[in-house]
>>> print(open('input09.cif').read())   # mmCIF, N, CA and C atoms
data_start
#
loop_
_atom_site.label_atom_id
_atom_site.label_comp_id
_atom_site.auth_asym_id
_atom_site.auth_seq_id
_atom_site.Cartn_x
_atom_site.Cartn_y
_atom_site.Cartn_z
N MET A 1 112.59 126.13 300.16
CA MET A 1 113.40 127.33 300.01
C MET A 1 112.67 128.46 300.73
N SER A 2 113.44 129.30 301.42
CA SER A 2 112.88 130.41 302.17
C SER A 2 113.65 131.69 301.88
N VAL A 3 112.94 132.79 301.91
CA VAL A 3 113.58 134.10 301.76
C VAL A 3 114.13 134.49 303.13
N CYS A 4 115.40 134.90 303.14
CA CYS A 4 116.08 135.29 304.38
C CYS A 4 116.85 136.58 304.14
N GLN A 5 117.26 137.21 305.23
CA GLN A 5 118.13 138.37 305.13
C GLN A 5 119.43 138.06 305.85
N LEU A 6 120.53 138.16 305.12
CA LEU A 6 121.86 138.02 305.70
C LEU A 6 122.19 139.35 306.36
N ILE A 7 122.23 139.34 307.69
CA ILE A 7 122.46 140.56 308.46
C ILE A 7 123.95 140.87 308.55
N SER A 8 124.74 139.84 308.87
CA SER A 8 126.19 140.04 308.98
C SER A 8 126.88 138.69 308.90
N PHE A 9 128.18 138.75 308.71
CA PHE A 9 128.99 137.54 308.74
C PHE A 9 130.35 137.89 309.31
N ALA A 10 131.00 136.87 309.83
CA ALA A 10 132.35 137.03 310.38
C ALA A 10 133.21 135.91 309.84
N ASP A 11 134.37 136.27 309.32
CA ASP A 11 135.31 135.30 308.77
C ASP A 11 136.47 135.15 309.74
N GLY A 12 136.47 134.06 310.50
CA GLY A 12 137.54 133.81 311.45
C GLY A 12 138.40 132.64 311.01
N PRO A 13 139.53 132.42 311.66
CA PRO A 13 140.41 131.33 311.26
C PRO A 13 139.81 129.95 311.47
N ASP A 14 138.91 129.81 312.44
CA ASP A 14 138.34 128.50 312.75
C ASP A 14 136.93 128.31 312.21
N ARG A 15 136.24 129.42 311.90
CA ARG A 15 134.86 129.29 311.43
C ARG A 15 134.38 130.57 310.76
N VAL A 16 133.38 130.38 309.93
CA VAL A 16 132.67 131.49 309.31
C VAL A 16 131.29 131.50 309.97
N LEU A 17 130.90 132.65 310.51
CA LEU A 17 129.60 132.80 311.16
C LEU A 17 128.70 133.67 310.30
N LEU A 18 127.46 133.23 310.12
CA LEU A 18 126.46 134.00 309.39
C LEU A 18 125.31 134.30 310.32
N ASP A 19 124.90 135.55 310.38
CA ASP A 19 123.70 135.94 311.11
C ASP A 19 122.60 136.19 310.09
N ILE A 20 121.54 135.39 310.20
CA ILE A 20 120.46 135.40 309.22
C ILE A 20 119.13 135.57 309.94
N ILE A 21 118.22 136.28 309.31
CA ILE A 21 116.84 136.35 309.80
C ILE A 21 115.93 135.83 308.69
N PRO A 22 115.25 134.71 308.94
CA PRO A 22 114.29 134.23 307.95
C PRO A 22 113.11 135.21 307.84
N LEU A 23 112.77 135.59 306.63
CA LEU A 23 111.64 136.48 306.39
C LEU A 23 110.35 135.68 306.18
N GLU A 24 110.50 134.37 306.12
CA GLU A 24 109.39 133.43 306.12
C GLU A 24 109.89 132.16 306.79
N ARG A 25 109.01 131.26 307.13
CA ARG A 25 109.42 130.04 307.84
C ARG A 25 110.55 129.33 307.08
N LEU A 26 111.56 128.89 307.82
CA LEU A 26 112.69 128.17 307.24
C LEU A 26 112.70 126.76 307.82
N ASP A 27 112.60 125.75 306.96
CA ASP A 27 112.60 124.36 307.40
C ASP A 27 114.00 123.76 307.25
N ILE A 28 114.48 123.19 308.36
CA ILE A 28 115.79 122.55 308.37
C ILE A 28 115.64 121.18 309.02
N ASP A 29 115.72 120.13 308.23
CA ASP A 29 115.69 118.75 308.72
C ASP A 29 114.51 118.50 309.65
N GLY A 30 113.31 118.89 309.24
CA GLY A 30 112.12 118.64 310.03
C GLY A 30 111.85 119.65 311.13
N THR A 31 112.74 120.61 311.30
CA THR A 31 112.54 121.67 312.28
C THR A 31 112.21 122.95 311.55
N SER A 32 111.19 123.65 312.03
CA SER A 32 110.82 124.92 311.42
C SER A 32 111.34 126.07 312.26
N VAL A 33 112.07 126.96 311.62
CA VAL A 33 112.52 128.19 312.26
C VAL A 33 111.49 129.25 311.90
N PRO A 34 110.78 129.81 312.89
CA PRO A 34 109.74 130.79 312.58
C PRO A 34 110.30 132.05 311.93
N ARG A 35 109.46 132.66 311.13
CA ARG A 35 109.79 133.92 310.48
C ARG A 35 110.19 134.94 311.54
N GLY A 36 111.28 135.67 311.26
CA GLY A 36 111.75 136.73 312.15
C GLY A 36 112.65 136.26 313.28
N THR A 37 112.89 134.95 313.38
CA THR A 37 113.74 134.43 314.44
C THR A 37 115.21 134.51 314.02
N PRO A 38 116.04 135.26 314.74
CA PRO A 38 117.47 135.35 314.39
C PRO A 38 118.11 133.96 314.43
N LEU A 39 118.99 133.71 313.50
CA LEU A 39 119.64 132.41 313.36
C LEU A 39 121.11 132.65 313.05
N THR A 40 121.98 131.98 313.78
CA THR A 40 123.42 132.04 313.49
C THR A 40 123.86 130.68 312.95
N MET A 41 124.53 130.70 311.82
CA MET A 41 125.07 129.49 311.21
C MET A 41 126.58 129.56 311.27
N SER A 42 127.19 128.40 311.47
CA SER A 42 128.64 128.33 311.59
C SER A 42 129.18 127.28 310.63
N PHE A 43 130.21 127.65 309.88
CA PHE A 43 130.83 126.75 308.92
C PHE A 43 132.34 126.75 309.14
N ILE A 44 132.96 125.60 308.93
CA ILE A 44 134.42 125.52 308.95
C ILE A 44 134.91 126.08 307.62
N PRO A 45 135.92 126.93 307.62
CA PRO A 45 136.42 127.49 306.36
C PRO A 45 136.90 126.40 305.40
N SER A 46 136.74 126.66 304.13
CA SER A 46 137.21 125.73 303.10
C SER A 46 138.73 125.61 303.16
N GLU A 47 139.20 124.41 302.89
CA GLU A 47 140.65 124.19 302.85
C GLU A 47 141.27 124.78 301.59
N ASP A 48 140.44 125.08 300.60
CA ASP A 48 140.90 125.68 299.36
C ASP A 48 140.81 127.20 299.50
N PRO A 49 141.95 127.91 299.58
CA PRO A 49 141.93 129.37 299.79
C PRO A 49 141.14 130.13 298.72
N ALA A 50 141.20 129.69 297.47
CA ALA A 50 140.47 130.39 296.41
C ALA A 50 138.96 130.23 296.60
N GLU A 51 138.51 129.02 296.94
CA GLU A 51 137.09 128.80 297.21
C GLU A 51 136.64 129.64 298.40
N HIS A 52 137.46 129.69 299.42
CA HIS A 52 137.11 130.45 300.63
C HIS A 52 136.98 131.95 300.31
N ARG A 53 137.92 132.49 299.56
CA ARG A 53 137.86 133.90 299.18
C ARG A 53 136.60 134.19 298.36
N GLU A 54 136.26 133.27 297.45
CA GLU A 54 135.06 133.45 296.63
C GLU A 54 133.81 133.46 297.51
N MET A 55 133.72 132.53 298.47
CA MET A 55 132.58 132.46 299.37
C MET A 55 132.46 133.75 300.18
N ILE A 56 133.56 134.21 300.76
CA ILE A 56 133.56 135.42 301.58
C ILE A 56 133.21 136.64 300.71
N GLY A 57 133.70 136.65 299.48
CA GLY A 57 133.37 137.74 298.56
C GLY A 57 131.87 137.81 298.29
N LEU A 58 131.24 136.64 298.11
CA LEU A 58 129.79 136.62 297.89
C LEU A 58 129.04 137.13 299.12
N PHE A 59 129.40 136.61 300.30
CA PHE A 59 128.72 137.06 301.53
C PHE A 59 128.92 138.57 301.73
N ASP A 60 130.10 139.06 301.45
CA ASP A 60 130.38 140.49 301.60
C ASP A 60 129.53 141.32 300.64
N ARG A 61 129.49 140.91 299.38
CA ARG A 61 128.72 141.64 298.37
C ARG A 61 127.22 141.57 298.70
N TRP A 62 126.74 140.40 299.11
CA TRP A 62 125.31 140.26 299.41
C TRP A 62 124.93 141.10 300.62
N THR A 63 125.79 141.15 301.63
CA THR A 63 125.51 141.95 302.82
C THR A 63 125.49 143.43 302.46
N ASP A 64 126.43 143.88 301.61
CA ASP A 64 126.48 145.28 301.19
C ASP A 64 125.28 145.66 300.34
N ASP A 65 124.76 144.67 299.59
CA ASP A 65 123.58 144.93 298.77
C ASP A 65 122.42 145.05 299.76
N ASP A 66 121.42 144.23 299.68
CA ASP A 66 120.32 144.29 300.64
C ASP A 66 120.30 143.08 301.57
N GLY A 67 121.17 142.11 301.31
CA GLY A 67 121.24 140.91 302.15
C GLY A 67 120.11 139.93 301.93
N ILE A 68 119.19 140.25 301.04
CA ILE A 68 118.05 139.35 300.79
C ILE A 68 118.50 138.21 299.89
N LEU A 69 118.24 136.98 300.35
CA LEU A 69 118.61 135.81 299.58
C LEU A 69 117.62 134.69 299.83
N ASP A 70 117.61 133.73 298.94
CA ASP A 70 116.85 132.50 299.13
C ASP A 70 117.79 131.49 299.75
N LEU A 71 117.27 130.73 300.71
CA LEU A 71 118.08 129.72 301.38
C LEU A 71 117.30 128.41 301.40
N ASP A 72 117.96 127.37 300.96
CA ASP A 72 117.40 126.02 301.02
C ASP A 72 118.41 125.16 301.77
N VAL A 73 117.95 124.44 302.77
CA VAL A 73 118.80 123.56 303.55
C VAL A 73 118.21 122.17 303.47
N VAL A 74 118.99 121.22 302.94
CA VAL A 74 118.50 119.85 302.81
C VAL A 74 119.53 118.87 303.38
N VAL A 75 119.01 117.78 303.91
CA VAL A 75 119.87 116.68 304.36
C VAL A 75 120.24 115.90 303.12
N THR A 76 121.52 115.58 302.98
CA THR A 76 121.96 114.82 301.82
C THR A 76 122.89 113.71 302.24
N SER A 77 122.55 112.50 301.85
CA SER A 77 123.38 111.35 302.22
C SER A 77 124.69 111.32 301.44
N GLU A 78 124.71 111.95 300.27
CA GLU A 78 125.94 111.91 299.47
C GLU A 78 127.11 112.64 300.15
N VAL A 79 126.81 113.59 301.03
CA VAL A 79 127.89 114.26 301.77
C VAL A 79 127.86 113.90 303.25
N GLY A 80 126.81 113.17 303.66
CA GLY A 80 126.70 112.80 305.07
C GLY A 80 126.42 113.99 305.97
N GLY A 81 125.57 114.87 305.49
CA GLY A 81 125.26 116.06 306.28
C GLY A 81 124.23 116.92 305.59
N PHE A 82 124.51 118.21 305.55
CA PHE A 82 123.56 119.18 305.00
C PHE A 82 124.13 119.87 303.77
N ARG A 83 123.23 120.23 302.88
CA ARG A 83 123.58 121.07 301.72
C ARG A 83 122.82 122.38 301.90
N TYR A 84 123.59 123.47 301.97
CA TYR A 84 123.04 124.82 302.09
C TYR A 84 123.15 125.47 300.72
N VAL A 85 122.02 125.91 300.18
CA VAL A 85 122.00 126.56 298.88
C VAL A 85 121.54 128.00 299.08
N PHE A 86 122.48 128.93 298.92
CA PHE A 86 122.22 130.36 299.04
C PHE A 86 122.08 130.93 297.63
N THR A 87 120.99 131.65 297.36
CA THR A 87 120.80 132.24 296.05
C THR A 87 120.46 133.71 296.22
N HIS A 88 121.19 134.55 295.50
CA HIS A 88 120.94 135.99 295.49
C HIS A 88 120.95 136.45 294.04
N GLU A 89 119.77 136.86 293.58
CA GLU A 89 119.61 137.27 292.18
C GLU A 89 120.13 136.17 291.26
N ASP A 90 121.20 136.41 290.49
CA ASP A 90 121.69 135.39 289.55
C ASP A 90 122.92 134.66 290.07
N GLU A 91 123.23 134.82 291.36
CA GLU A 91 124.39 134.15 291.95
C GLU A 91 123.91 133.07 292.92
N GLN A 92 124.68 131.97 292.98
CA GLN A 92 124.33 130.89 293.89
C GLN A 92 125.59 130.32 294.53
N LEU A 93 125.47 130.00 295.80
CA LEU A 93 126.56 129.38 296.55
C LEU A 93 126.01 128.11 297.18
N VAL A 94 126.67 126.98 296.94
CA VAL A 94 126.26 125.70 297.50
C VAL A 94 127.36 125.25 298.45
N LEU A 95 126.98 125.05 299.73
CA LEU A 95 127.92 124.57 300.74
C LEU A 95 127.47 123.21 301.23
N ASP A 96 128.33 122.21 301.09
CA ASP A 96 128.08 120.88 301.64
C ASP A 96 128.81 120.79 302.97
N VAL A 97 128.05 120.46 304.02
CA VAL A 97 128.60 120.42 305.37
C VAL A 97 128.37 119.02 305.94
N ARG A 98 129.46 118.33 306.24
CA ARG A 98 129.35 117.01 306.87
C ARG A 98 129.07 117.17 308.36
N THR A 99 128.24 116.27 308.86
CA THR A 99 127.95 116.32 310.30
C THR A 99 128.58 115.16 311.03
#
>>> encode(input="input09.cif", output="structure tokens")
Amino acid sequence: MSVCQLISFADGPDRVLLDIIPLERLDIDGTSVPRGTPLTMSFIPSEDPAEHREMIGLFDRWTDDDGILDLDVVVTSEVGGFRYVFTHEDEQLVLDVRT
């Protein structure tokens, strides 16, 4: 798990983009992203409109706050891809992304 800052996000019809800066080294599937290196993540929007609104609401609130969050990215065979766990204070968002 690494401390990161969510700088901005964009909610488009085809994808959600997150601009993040790791405040400490971020490990993703054996690759280390050095501290301070800008990182853009892209996700396909959820097919469930309520889930999507909730996710966007969290990103919006976190960005308006200080954007500081904990991020853990793990490879998981149960979804055939990655599990992104975003934690901000007492809120958590888990995104399973198939590759």
>>> closest_residue(input="input09.cif", among="A:Gly81, A:Gly57, A:Pro38, A:Pro45", to="Leu23 in chain A", atoms="only C-alpha atoms")
A:Pro38
>>> resolve_selection(input="input09.cif", expression="the PyMOL selection byres ((chain A and resi 64-75) around 7)", output="PyMOL selection string")
chain A and resi 1-7+27-29+59-63+76-78+81-89
>>> atom_distance(input="input09.cif", atom1="CA of Leu95 in chain A", atom2="CA of Asp11 in chain A")
15.3 Å
>>> atom_distance(input="input09.cif", atom1="atom C of Leu58 in chain A", atom2="atom N of Asp19 in chain A")
12.1 Å
>>> closest_residue(input="input09.cif", among="A:Leu93, A:Leu17, A:Thr99, A:Gly80", to="Met41 in chain A", atoms="all atoms listed in the file")
A:Leu17
>>> select_by_dssp(input="input09.cif", residues="chain A", states="helix (DSSP H, G or I)", output="list in words")
Pro49, Ala50, Glu51, His52, Arg53, Glu54, Met55, Ile56, Gly57, Leu58, Phe59, Asp60, Arg61, Trp62, Thr63 and Asp64 of chain A
>>> atom_distance(input="input09.cif", atom1="atom N of Gly36 in chain A", atom2="CA of Asp14 in chain A")
28.0 Å
>>> select_by_dssp(input="input09.cif", residues="range 34-68 of chain A", states="strand (DSSP E or B)", output="MDAnalysis selection string")
chainID A and resid 39:43 68
>>> residues_around(input="input09.cif", residues="Phe43 in chain A", least_positions_apart="3", cutoff="8 Å", atoms="all atoms listed in the file", output="list in words")
Asp14, Arg15, Val16, Leu17, Leu18, Thr40, Ser46 and Val97 of chain A
>>> closest_residue(input="input09.cif", among="A:Ile56, A:Ile44, A:Leu26, A:Ala50", to="Asp96 in chain A", atoms="only C-alpha atoms")
A:Ile44
>>> residues_near_point(input="input09.cif", point="(117.9, 133.7, 311.0)", cutoff="6 Å", atoms="only C-alpha atoms", output="ChimeraX atom specification")
/A:20-22,37-39
